[in-house]
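*Asks:* Next up, model.pdb (PDB, C-alpha atoms).
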ATOM      1  CA  MET A  14     -41.191  -2.785  -6.976  1.00  0.00           C
ATOM      2  CA  ALA A  15     -43.365  -3.741  -4.037  1.00  0.00           C
ATOM      3  CA  ASP A  16     -46.518  -4.422  -6.065  1.00  0.00           C
ATOM      4  CA  ARG A  17     -47.301  -4.322  -9.796  1.00  0.00           C
ATOM      5  CA  ALA A  18     -51.005  -3.610  -9.371  1.00  0.00           C
ATOM      6  CA  PRO A  19     -51.807   0.106  -8.957  1.00  0.00           C
ATOM      7  CA  ALA A  20     -53.101   1.079  -5.533  1.00  0.00           C
ATOM      8  CA  PRO A  21     -56.921   1.241  -5.422  1.00  0.00           C
ATOM      9  CA  ASP A  22     -58.383   4.516  -6.669  1.00  0.00           C
ATOM     10  CA  THR A  23     -60.185   5.601  -3.498  1.00  0.00           C
ATOM     11  CA  PRO A  24     -61.617   8.943  -2.340  1.00  0.00           C
ATOM     12  CA  GLU A  25     -58.851   9.076   0.256  1.00  0.00           C
ATOM     13  CA  LEU A  26     -56.222   8.645  -2.454  1.00  0.00           C
ATOM     14  CA  ARG A  27     -57.830  11.424  -4.489  1.00  0.00           C
ATOM     15  CA  GLU A  28     -57.980  13.713  -1.489  1.00  0.00           C
ATOM     16  CA  ARG A  29     -54.300  13.178  -0.711  1.00  0.00           C
ATOM     17  CA  TRP A  30     -52.831  13.270  -4.208  1.00  0.00           C
ATOM     18  CA  GLY A  31     -55.450  14.841  -6.456  1.00  0.00           C
ATOM     19  CA  GLY A  32     -53.775  18.238  -6.124  1.00  0.00           C
ATOM     20  CA  PHE A  33     -50.291  17.029  -7.014  1.00  0.00           C
ATOM     21  CA  VAL A  34     -48.177  19.602  -8.876  1.00  0.00           C
ATOM     22  CA  TRP A  35     -44.464  19.997  -9.358  1.00  0.00           C
ATOM     23  CA  THR A  36     -42.465  21.841  -6.764  1.00  0.00           C
ATOM     24  CA  ASP A  37     -40.671  24.883  -8.178  1.00  0.00           C
ATOM     25  CA  GLU A  38     -37.421  22.948  -8.303  1.00  0.00           C
ATOM     26  CA  ASN A  39     -38.971  19.919  -9.979  1.00  0.00           C
ATOM     27  CA  ALA A  40     -40.917  22.093 -12.428  1.00  0.00           C
ATOM     28  CA  GLU A  41     -37.577  23.378 -13.700  1.00  0.00           C
ATOM     29  CA  LYS A  42     -36.224  19.833 -13.912  1.00  0.00           C
ATOM     30  CA  ALA A  43     -39.339  18.692 -15.790  1.00  0.00           C
ATOM     31  CA  ARG A  44     -38.927  21.462 -18.354  1.00  0.00           C
ATOM     32  CA  THR A  45     -35.290  20.442 -18.788  1.00  0.00           C
ATOM     33  CA  PHE A  46     -36.232  16.797 -19.363  1.00  0.00           C
ATOM     34  CA  VAL A  47     -38.849  17.703 -21.954  1.00  0.00           C
ATOM     35  CA  SER A  48     -36.491  20.115 -23.736  1.00  0.00           C
ATOM     36  CA  ARG A  49     -34.072  17.272 -24.486  1.00  0.00           C
ATOM     37  CA  TYR A  50     -36.433  15.825 -27.078  1.00  0.00           C
ATOM     38  CA  PRO A  51     -37.222  17.226 -30.548  1.00  0.00           C
ATOM     39  CA  GLU A  52     -40.440  19.109 -31.192  1.00  0.00           C
ATOM     40  CA  GLY A  53     -43.293  16.641 -31.347  1.00  0.00           C
ATOM     41  CA  ARG A  54     -41.383  14.017 -29.362  1.00  0.00           C
ATOM     42  CA  GLN A  55     -41.933  15.434 -25.892  1.00  0.00           C
ATOM     43  CA  LYS A  56     -43.822  12.311 -24.835  1.00  0.00           C
ATOM     44  CA  SER A  57     -40.456  10.555 -24.799  1.00  0.00           C
ATOM     45  CA  ALA A  58     -39.841  12.320 -21.484  1.00  0.00           C
ATOM     46  CA  VAL A  59     -42.431  10.139 -19.770  1.00  0.00           C
ATOM     47  CA  MET A  60     -39.865   7.909 -18.022  1.00  0.00           C
ATOM     48  CA  PRO A  61     -37.744  10.629 -16.391  1.00  0.00           C
ATOM     49  CA  LEU A  62     -40.903  12.510 -15.431  1.00  0.00           C
ATOM     50  CA  LEU A  63     -42.376   9.436 -13.747  1.00  0.00           C
ATOM     51  CA  ASP A  64     -39.124   8.999 -11.839  1.00  0.00           C
ATOM     52  CA  LEU A  65     -39.135  12.676 -10.872  1.00  0.00           C
ATOM     53  CA  ALA A  66     -42.728  12.427  -9.669  1.00  0.00           C
ATOM     54  CA  GLN A  67     -41.963   9.307  -7.648  1.00  0.00           C
ATOM     55  CA  ARG A  68     -39.052  11.097  -5.982  1.00  0.00           C
ATOM     56  CA  GLN A  69     -41.255  14.095  -5.162  1.00  0.00           C
ATOM     57  CA  VAL A  70     -43.840  11.793  -3.563  1.00  0.00           C
ATOM     58  CA  GLY A  71     -40.983  10.169  -1.656  1.00  0.00           C
ATOM     59  CA  ALA A  72     -39.765  13.521  -0.389  1.00  0.00           C
ATOM     60  CA  GLU A  73     -43.267  14.418   0.783  1.00  0.00           C
ATOM     61  CA  THR A  74     -43.804  11.085   2.552  1.00  0.00           C
ATOM     62  CA  ASN A  75     -40.243  10.377   3.738  1.00  0.00           C
ATOM     63  CA  THR A  76     -40.192   7.118   1.769  1.00  0.00           C
ATOM     64  CA  GLN A  77     -38.541   5.891  -1.404  1.00  0.00           C
ATOM     65  CA  GLY A  78     -41.624   7.151  -3.215  1.00  0.00           C
ATOM     66  CA  TRP A  79     -44.394   5.691  -5.337  1.00  0.00           C
ATOM     67  CA  LEU A  80     -46.858   6.681  -8.069  1.00  0.00           C
ATOM     68  CA  PRO A  81     -50.474   7.161  -6.981  1.00  0.00           C
ATOM     69  CA  LEU A  82     -52.943   7.172  -9.877  1.00  0.00           C
ATOM     70  CA  PRO A  83     -53.621  10.947  -9.617  1.00  0.00           C
ATOM     71  CA  VAL A  84     -49.884  11.551 -10.005  1.00  0.00           C
ATOM     72  CA  ILE A  85     -49.804   9.341 -13.103  1.00  0.00           C
ATOM     73  CA  GLU A  86     -52.749  11.349 -14.449  1.00  0.00           C
ATOM     74  CA  TYR A  87     -50.817  14.552 -13.776  1.00  0.00           C
ATOM     75  CA  ILE A  88     -47.894  13.286 -15.860  1.00  0.00           C
ATOM     76  CA  ALA A  89     -50.291  12.284 -18.648  1.00  0.00           C
ATOM     77  CA  GLU A  90     -51.818  15.763 -18.707  1.00  0.00           C
ATOM     78  CA  TYR A  91     -48.392  17.407 -18.539  1.00  0.00           C
ATOM     79  CA  LEU A  92     -47.266  15.505 -21.648  1.00  0.00           C
ATOM     80  CA  ASP A  93     -50.668  15.507 -23.382  1.00  0.00           C
ATOM     81  CA  MET A  94     -50.778  11.712 -23.344  1.00  0.00           C
ATOM     82  CA  PRO A  95     -53.642   9.300 -22.705  1.00  0.00           C
ATOM     83  CA  VAL A  96     -53.511   8.154 -19.092  1.00  0.00           C
ATOM     84  CA  ILE A  97     -53.406   4.510 -20.165  1.00  0.00           C
ATOM     85  CA  ARG A  98     -50.166   5.128 -22.093  1.00  0.00           C
ATOM     86  CA  VAL A  99     -48.457   6.515 -19.031  1.00  0.00           C
ATOM     87  CA  LEU A 100     -49.883   3.724 -16.879  1.00  0.00           C
ATOM     88  CA  GLU A 101     -48.503   1.166 -19.343  1.00  0.00           C
ATOM     89  CA  VAL A 102     -45.008   2.560 -18.835  1.00  0.00           C
ATOM     90  CA  ALA A 103     -45.363   2.726 -15.059  1.00  0.00           C
ATOM     91  CA  THR A 104     -46.594  -0.865 -14.801  1.00  0.00           C
ATOM     92  CA  PHE A 105     -43.971  -2.267 -17.200  1.00  0.00           C
ATOM     93  CA  TYR A 106     -40.802  -0.947 -15.567  1.00  0.00           C
ATOM     94  CA  THR A 107     -40.128  -2.206 -12.066  1.00  0.00           C
ATOM     95  CA  MET A 108     -38.219   0.966 -11.124  1.00  0.00           C
ATOM     96  CA  TYR A 109     -41.631   2.529 -10.545  1.00  0.00           C
ATOM     97  CA  ASN A 110     -43.513   1.670  -7.358  1.00  0.00           C
ATOM     98  CA  LEU A 111     -47.272   1.431  -7.794  1.00  0.00           C
ATOM     99  CA  ALA A 112     -48.067   1.030  -4.108  1.00  0.00           C
ATOM    100  CA  PRO A 113     -46.709   2.766  -1.008  1.00  0.00           C
ATOM    101  CA  VAL A 114     -43.273   1.632   0.126  1.00  0.00           C
ATOM    102  CA  GLY A 115     -41.184   2.250   3.206  1.00  0.00           C
ATOM    103  CA  ARG A 116     -38.358   4.656   3.869  1.00  0.00           C
ATOM    104  CA  PHE A 117     -35.940   2.074   2.512  1.00  0.00           C
ATOM    105  CA  HIS A 118     -36.877  -0.274  -0.322  1.00  0.00           C
ATOM    106  CA  VAL A 119     -34.735  -3.377   0.133  1.00  0.00           C
ATOM    107  CA  GLN A 120     -34.519  -5.265  -3.162  1.00  0.00           C
ATOM    108  CA  VAL A 121     -32.719  -8.590  -2.852  1.00  0.00           C
ATOM    109  CA  CYS A 122     -31.465 -10.200  -6.049  1.00  0.00           C
ATOM    110  CA  GLY A 123     -32.418 -13.879  -6.137  1.00  0.00           C
ATOM    111  CA  THR A 124     -31.161 -14.806  -9.608  1.00  0.00           C
ATOM    112  CA  THR A 125     -28.783 -17.747 -10.032  1.00  0.00           C
ATOM    113  CA  PRO A 126     -25.369 -16.090  -9.370  1.00  0.00           C
ATOM    114  CA  CYS A 127     -26.672 -14.377  -6.226  1.00  0.00           C
ATOM    115  CA  MET A 128     -28.523 -17.523  -5.149  1.00  0.00           C
ATOM    116  CA  LEU A 129     -25.356 -19.602  -5.510  1.00  0.00           C
ATOM    117  CA  ARG A 130     -23.442 -17.013  -3.497  1.00  0.00           C
ATOM    118  CA  GLY A 131     -25.906 -16.885  -0.620  1.00  0.00           C
ATOM    119  CA  SER A 132     -28.929 -14.732  -1.414  1.00  0.00           C
ATOM    120  CA  ASP A 133     -31.116 -17.112   0.619  1.00  0.00           C
ATOM    121  CA  ASP A 134     -29.049 -16.171   3.677  1.00  0.00           C
ATOM    122  CA  ILE A 135     -29.468 -12.497   2.799  1.00  0.00           C
ATOM    123  CA  LEU A 136     -33.237 -12.917   2.666  1.00  0.00           C
ATOM    124  CA  GLU A 137     -33.146 -14.790   5.961  1.00  0.00           C
ATOM    125  CA  ALA A 138     -31.303 -11.856   7.551  1.00  0.00           C
ATOM    126  CA  CYS A 139     -34.124  -9.609   6.358  1.00  0.00           C
ATOM    127  CA  TYR A 140     -36.755 -11.953   7.761  1.00  0.00           C
ATOM    128  CA  LYS A 141     -35.033 -11.906  11.151  1.00  0.00           C
ATOM    129  CA  ARG A 142     -35.645  -8.158  11.240  1.00  0.00           C
ATOM    130  CA  GLY A 143     -39.342  -8.715  10.713  1.00  0.00           C
ATOM    131  CA  MET A 144     -39.381  -7.957   6.997  1.00  0.00           C
ATOM    132  CA  VAL A 145     -41.860  -9.807   4.819  1.00  0.00           C
ATOM    133  CA  LYS A 146     -41.548 -10.039   1.042  1.00  0.00           C
ATOM    134  CA  GLY A 147     -43.981  -7.724  -0.707  1.00  0.00           C
ATOM    135  CA  SER A 148     -44.822  -5.842   2.484  1.00  0.00           C
ATOM    136  CA  THR A 149     -43.742  -2.799   4.447  1.00  0.00           C
ATOM    137  CA  SER A 150     -42.710  -3.138   8.082  1.00  0.00           C
ATOM    138  CA  GLU A 151     -45.037  -1.747  10.739  1.00  0.00           C
ATOM    139  CA  ASP A 152     -42.635   1.080  11.545  1.00  0.00           C
ATOM    140  CA  GLY A 153     -42.641   2.114   7.882  1.00  0.00           C
ATOM    141  CA  LEU A 154     -38.880   1.730   7.632  1.00  0.00           C
ATOM    142  CA  TRP A 155     -38.467  -1.263   5.304  1.00  0.00           C
ATOM    143  CA  THR A 156     -40.147  -2.671   2.222  1.00  0.00           C
ATOM    144  CA  LEU A 157     -38.729  -6.016   1.092  1.00  0.00           C
ATOM    145  CA  THR A 158     -38.828  -7.260  -2.507  1.00  0.00           C
ATOM    146  CA  GLU A 159     -37.054 -10.133  -4.236  1.00  0.00           C
ATOM    147  CA  VAL A 160     -35.982  -9.115  -7.727  1.00  0.00           C
ATOM    148  CA  GLU A 161     -34.293 -10.572 -10.763  1.00  0.00           C
ATOM    149  CA  CYS A 162     -30.767  -9.847 -12.002  1.00  0.00           C
ATOM    150  CA  MET A 163     -29.449  -6.421 -11.042  1.00  0.00           C
ATOM    151  CA  GLY A 164     -26.248  -6.745 -13.081  1.00  0.00           C
ATOM    152  CA  ASN A 165     -23.784  -7.251 -10.221  1.00  0.00           C
ATOM    153  CA  CYS A 166     -23.099 -10.958 -10.779  1.00  0.00           C
ATOM    154  CA  ALA A 167     -19.331 -10.580 -10.239  1.00  0.00           C
ATOM    155  CA  THR A 168     -19.961  -9.183  -6.759  1.00  0.00           C
ATOM    156  CA  ALA A 169     -22.856 -11.407  -5.724  1.00  0.00           C
ATOM    157  CA  PRO A 170     -24.841 -11.539  -3.557  1.00  0.00           C
ATOM    158  CA  MET A 171     -26.139  -8.002  -3.753  1.00  0.00           C
ATOM    159  CA  VAL A 172     -29.008  -5.851  -2.559  1.00  0.00           C
ATOM    160  CA  GLN A 173     -30.268  -2.562  -3.925  1.00  0.00           C
ATOM    161  CA  ILE A 174     -31.628  -0.201  -1.290  1.00  0.00           C
ATOM    162  CA  ASN A 175     -33.268   2.860  -2.818  1.00  0.00           C
ATOM    163  CA  ASP A 176     -30.605   4.159  -5.231  1.00  0.00           C
ATOM    164  CA  GLY A 177     -27.643   2.336  -3.674  1.00  0.00           C
ATOM    165  CA  ASN A 178     -26.170  -1.056  -4.521  1.00  0.00           C
ATOM    166  CA  TYR A 179     -24.523  -3.081  -1.745  1.00  0.00           C
ATOM    167  CA  GLU A 180     -22.448  -6.014  -2.975  1.00  0.00           C
ATOM    168  CA  ASP A 181     -20.363  -8.951  -1.726  1.00  0.00           C
ATOM    169  CA  LEU A 182     -22.798  -9.272   1.138  1.00  0.00           C
ATOM    170  CA  THR A 183     -22.954 -11.680   4.030  1.00  0.00           C
ATOM    171  CA  PRO A 184     -25.746 -11.592   6.609  1.00  0.00           C
ATOM    172  CA  GLU A 185     -23.394  -9.750   8.961  1.00  0.00           C
ATOM    173  CA  ARG A 186     -22.447  -7.165   6.334  1.00  0.00           C
ATOM    174  CA  LEU A 187     -26.085  -6.612   5.436  1.00  0.00           C
ATOM    175  CA  ASP A 188     -26.927  -6.143   9.111  1.00  0.00           C
ATOM    176  CA  ALA A 189     -24.249  -3.456   9.325  1.00  0.00           C
ATOM    177  CA  VAL A 190     -25.705  -1.668   6.288  1.00  0.00           C
ATOM    178  CA  LEU A 191     -29.260  -1.829   7.625  1.00  0.00           C
ATOM    179  CA  ASP A 192     -28.185  -0.707  11.098  1.00  0.00           C
ATOM    180  CA  ALA A 193     -26.451   2.318   9.590  1.00  0.00           C
ATOM    181  CA  LEU A 194     -29.474   3.257   7.481  1.00  0.00           C
ATOM    182  CA  ALA A 195     -31.831   2.887  10.445  1.00  0.00           C
ATOM    183  CA  ALA A 196     -29.546   5.190  12.441  1.00  0.00           C
ATOM    184  CA  GLY A 197     -29.727   7.869   9.769  1.00  0.00           C
ATOM    185  CA  LYS A 198     -26.231   7.232   8.448  1.00  0.00           C
ATOM    186  CA  GLN A 199     -25.110   6.604   4.868  1.00  0.00           C
ATOM    187  CA  PRO A 200     -23.147   3.343   4.635  1.00  0.00           C
ATOM    188  CA  LYS A 201     -20.552   2.819   1.939  1.00  0.00           C
ATOM    189  CA  GLU A 202     -22.136   1.682  -1.300  1.00  0.00           C
ATOM    190  CA  GLY A 203     -20.713  -0.903  -3.684  1.00  0.00           C
ATOM    191  CA  THR A 204     -18.659  -3.888  -2.599  1.00  0.00           C
ATOM    192  CA  GLN A 205     -18.517  -4.601   1.110  1.00  0.00           C
ATOM    193  CA  GLU A 206     -15.457  -6.855   0.704  1.00  0.00           C
ATOM    194  CA  PRO A 207     -12.465  -5.329   2.517  1.00  0.00           C
ATOM    195  CA  GLY A 208      -9.719  -4.383   0.082  1.00  0.00           C
ATOM    196  CA  ARG A 209     -11.913  -4.791  -2.974  1.00  0.00           C
ATOM    197  CA  HIS A 210     -12.726  -1.663  -4.943  1.00  0.00           C
ATOM    198  CA  THR A 211     -15.152  -2.692  -7.689  1.00  0.00           C
ATOM    199  CA  SER A 212     -15.530  -6.057  -9.434  1.00  0.00           C
ATOM    200  CA  GLU A 213     -11.883  -7.019  -9.774  1.00  0.00           C
ATOM    201  CA  PRO A 214     -10.965 -10.526  -8.559  1.00  0.00           C
ATOM    202  CA  SER A 215     -11.439 -10.653  -4.806  1.00  0.00           C
ATOM    203  CA  GLY A 216      -8.019 -12.258  -4.373  1.00  0.00           C
ATOM    204  CA  GLY A 217      -6.287  -9.580  -6.420  1.00  0.00           C
ATOM    205  CA  PRO A 218      -5.559  -9.300 -10.148  1.00  0.00           C
ATOM    206  CA  THR A 219      -4.509 -12.433 -12.014  1.00  0.00           C
ATOM    207  CA  THR A 220      -3.657 -10.748 -15.335  1.00  0.00           C
ATOM    208  CA  LEU A 221      -2.177  -7.395 -16.374  1.00  0.00           C
ATOM    209  CA  LYS A 222      -0.653  -7.099 -12.935  1.00  0.00           C
ATOM    210  CA  GLU A 223       1.753  -4.399 -14.051  1.00  0.00           C
ATOM    211  CA  MET A 224      -1.250  -2.139 -14.709  1.00  0.00           C
ATOM    212  CA  VAL A 225      -2.272  -2.036 -11.049  1.00  0.00           C
ATOM    213  CA  ASP A 226      -0.193   0.992 -10.082  1.00  0.00           C
ATOM    214  CA  ALA A 227       0.805   2.528 -13.416  1.00  0.00           C
ATOM    215  CA  ASN A 228       0.261   2.320 -17.139  1.00  0.00           C
ATOM    216  CA  HIS A 229       2.272  -0.418 -18.829  1.00  0.00           C
ATOM    217  CA  ASP A 230       2.920  -1.000 -22.523  1.00  0.00           C
ATOM    218  CA  TYR A 231       2.703  -4.733 -23.203  1.00  0.00           C
ATOM    219  CA  ARG A 232       3.272  -4.495 -26.967  1.00  0.00           C
ATOM    220  CA  SER A 233       6.947  -5.384 -26.788  1.00  0.00           C
ATOM    221  CA  GLU A 234       6.027  -8.609 -24.992  1.00  0.00           C
ATOM    222  CA  TRP A 235       3.563  -9.842 -27.591  1.00  0.00           C
TER     223      TRP A 235
END
Give the structure from this file in structure tokens form.
*Replies:*
Amino acid sequence: MADRAPAPDTPELRERWGGFVWTDENAEKARTFVSRYPEGRQKSAVMPLLDLAQRQVGAETNTQGWLPLPVIEYIAEYLDMPVIRVLEVATFYTMYNLAPVGRFHVQVCGTTPCMLRGSDDILEACYKRGMVKGSTSEDGLWTLTEVECMGNCATAPMVQINDGNYEDLTPERLDAVLDALAAGKQPKEGTQEPGRHTSEPSGGPTTLKEMVDANHDYRSEW
């Protein structure tokens, strides 16, 4: 998230987003989300619908997307919920952006494992590109946020950019990822460590080595 306070409710905001409605494709998705819940429990679809709305705003603005207040009101009306209930969900979960963000939302994990593995250097690499925490770059390309644990401690340090996780980063590896994104390319997600596939030991397996290439029955060895 770039900001936890909703963007000011201005006439300009109302003019731009007051007429928000689902696209035909998203209307079908919204009906599917709601249909997954029992009769009388349709309000449980509020989270996927907020995400869907944020993605639609992102598609219209060529950004990661965010939730203007009129869009939140639209979701509330769609689910027959008080607006404040929907706003409570949107402000609680940091997956929802409450202020405009850039084309790429760069979220750097700064929790202890990532910090010990060099997240300060990762942030410094972002600063060298002109990024400022909590702000969007002048060209609208980057929004930088420092976040708490993203669950990739075994492959720290890591950065989430929009929906992609990039792990085992160094400043040079992050630069390569950002350069590719800026050029309109899709860099490889996940670990950036050569030869590493997921979160296995970076030096290779230390146990169950016979399982690397084929199944192995260890029971006779116990």
*Asks:* I need the residue set behind the PyMOL selection byres ((chain A and resi 132-146) around 6) for this file; please write it as a PDB file with C-alpha atoms, in the frame of the given file.
*Replies:*
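Below is the file that was written, part_1.pdb:
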ATOM      1  CA  GLY A 123     -32.418 -13.879  -6.137  1.00  0.00           C
ATOM      2  CA  CYS A 127     -26.672 -14.377  -6.226  1.00  0.00           C
ATOM      3  CA  MET A 128     -28.523 -17.523  -5.149  1.00  0.00           C
ATOM      4  CA  GLY A 131     -25.906 -16.885  -0.620  1.00  0.00           C
ATOM      5  CA  GLY A 147     -43.981  -7.724  -0.707  1.00  0.00           C
ATOM      6  CA  SER A 148     -44.822  -5.842   2.484  1.00  0.00           C
ATOM      7  CA  SER A 150     -42.710  -3.138   8.082  1.00  0.00           C
ATOM      8  CA  LEU A 157     -38.729  -6.016   1.092  1.00  0.00           C
ATOM      9  CA  THR A 158     -38.828  -7.260  -2.507  1.00  0.00           C
ATOM     10  CA  PRO A 170     -24.841 -11.539  -3.557  1.00  0.00           C
ATOM     11  CA  PRO A 184     -25.746 -11.592   6.609  1.00  0.00           C
TER      12      PRO A 184
END
*Asks:* Excluding range 211-220 of chain A and any residue of its chain fewer than 4 positions from it, enumerate the residues within 8 Å of it, using only C-alpha atoms, and give them as a list of chain:residue names.
*Replies:* A:Ala167, A:Thr168, A:Gly203, A:Thr204, A:Glu206
*Asks:* Using only C-alpha atoms, can you tell me which of A:Asn39, A:Pro200, A:Val160, A:Gly78 comes closest to Leu62 in chain A?
*Replies:*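 For Leu62 in chain A, the nearest of the given residues is A:Asn39.
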*Asks:* Take the point (-37.4, 10.5, -9.9) as written in the file and pick out every residue within 12 Å of it, counting all atoms listed in the file; give the list as a PyMOL selection string.
*Replies:* chain A and resi 35+39+42-43+46+58-72+77-80+108-110+175-176
*Asks:* Just write the chosen residues, C-alpha atoms, as a compact mmCIF listing (two decimals), keeping the file's coordinate frame.
*Replies:*
# COMPACT_ATOMS: atom_id res chain seq x y z
CA TRP A 35 -44.46 20.00 -9.36
CA ASN A 39 -38.97 19.92 -9.98
CA LYS A 42 -36.22 19.83 -13.91
CA ALA A 43 -39.34 18.69 -15.79
CA PHE A 46 -36.23 16.80 -19.36
CA ALA A 58 -39.84 12.32 -21.48
CA VAL A 59 -42.43 10.14 -19.77
CA MET A 60 -39.86 7.91 -18.02
CA PRO A 61 -37.74 10.63 -16.39
CA LEU A 62 -40.90 12.51 -15.43
CA LEU A 63 -42.38 9.44 -13.75
CA ASP A 64 -39.12 9.00 -11.84
CA LEU A 65 -39.14 12.68 -10.87
CA ALA A 66 -42.73 12.43 -9.67
CA GLN A 67 -41.96 9.31 -7.65
CA ARG A 68 -39.05 11.10 -5.98
CA GLN A 69 -41.26 14.10 -5.16
CA VAL A 70 -43.84 11.79 -3.56
CA GLY A 71 -40.98 10.17 -1.66
CA ALA A 72 -39.76 13.52 -0.39
CA GLN A 77 -38.54 5.89 -1.40
CA GLY A 78 -41.62 7.15 -3.22
CA TRP A 79 -44.39 5.69 -5.34
CA LEU A 80 -46.86 6.68 -8.07
CA MET A 108 -38.22 0.97 -11.12
CA TYR A 109 -41.63 2.53 -10.54
CA ASN A 110 -43.51 1.67 -7.36
CA ASN A 175 -33.27 2.86 -2.82
CA ASP A 176 -30.60 4.16 -5.23
*Asks:* Between A:Glu73, A:Glu86, A:Glu161, A:Asp152, which is the closest to Leu100 in chain A once you count all atoms listed in the file?
*Replies:*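 Once distances to Leu100 in chain A are computed over all atoms listed in the file, the minimum belongs to A:Glu86.
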*Asks:* Counting all atoms listed in the file, which residues in range 70-157 of chain A sit no more than 8 Å from range 23-30 of chain A? For each one, give the nearest pair of atoms and the distance in Å, sorted by chain then residue number, as CSV.
*Replies:*
residue,atom,partner,partner_atom,distance
A:Pro81,CA,A:Trp30,CA,7.1
A:Pro83,CA,A:Trp30,CA,5.9
A:Val84,CA,A:Trp30,CA,6.7
*Asks:* To one decimal place in Å, what is the distance between CA of Thr104 in chain A and CA of Arg17 in chain A?
*Replies:*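 The value is 6.1 Å.
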*Asks:* Name the residues in contact with Glu202 in chain A at a cut-off of 10 Å, using all atoms listed in the file, excluding same-chain residues fewer than 3 positions from it; report them as a ChimeraX atom specification.
*Replies:* /A:173-174,176-180,190,199,205
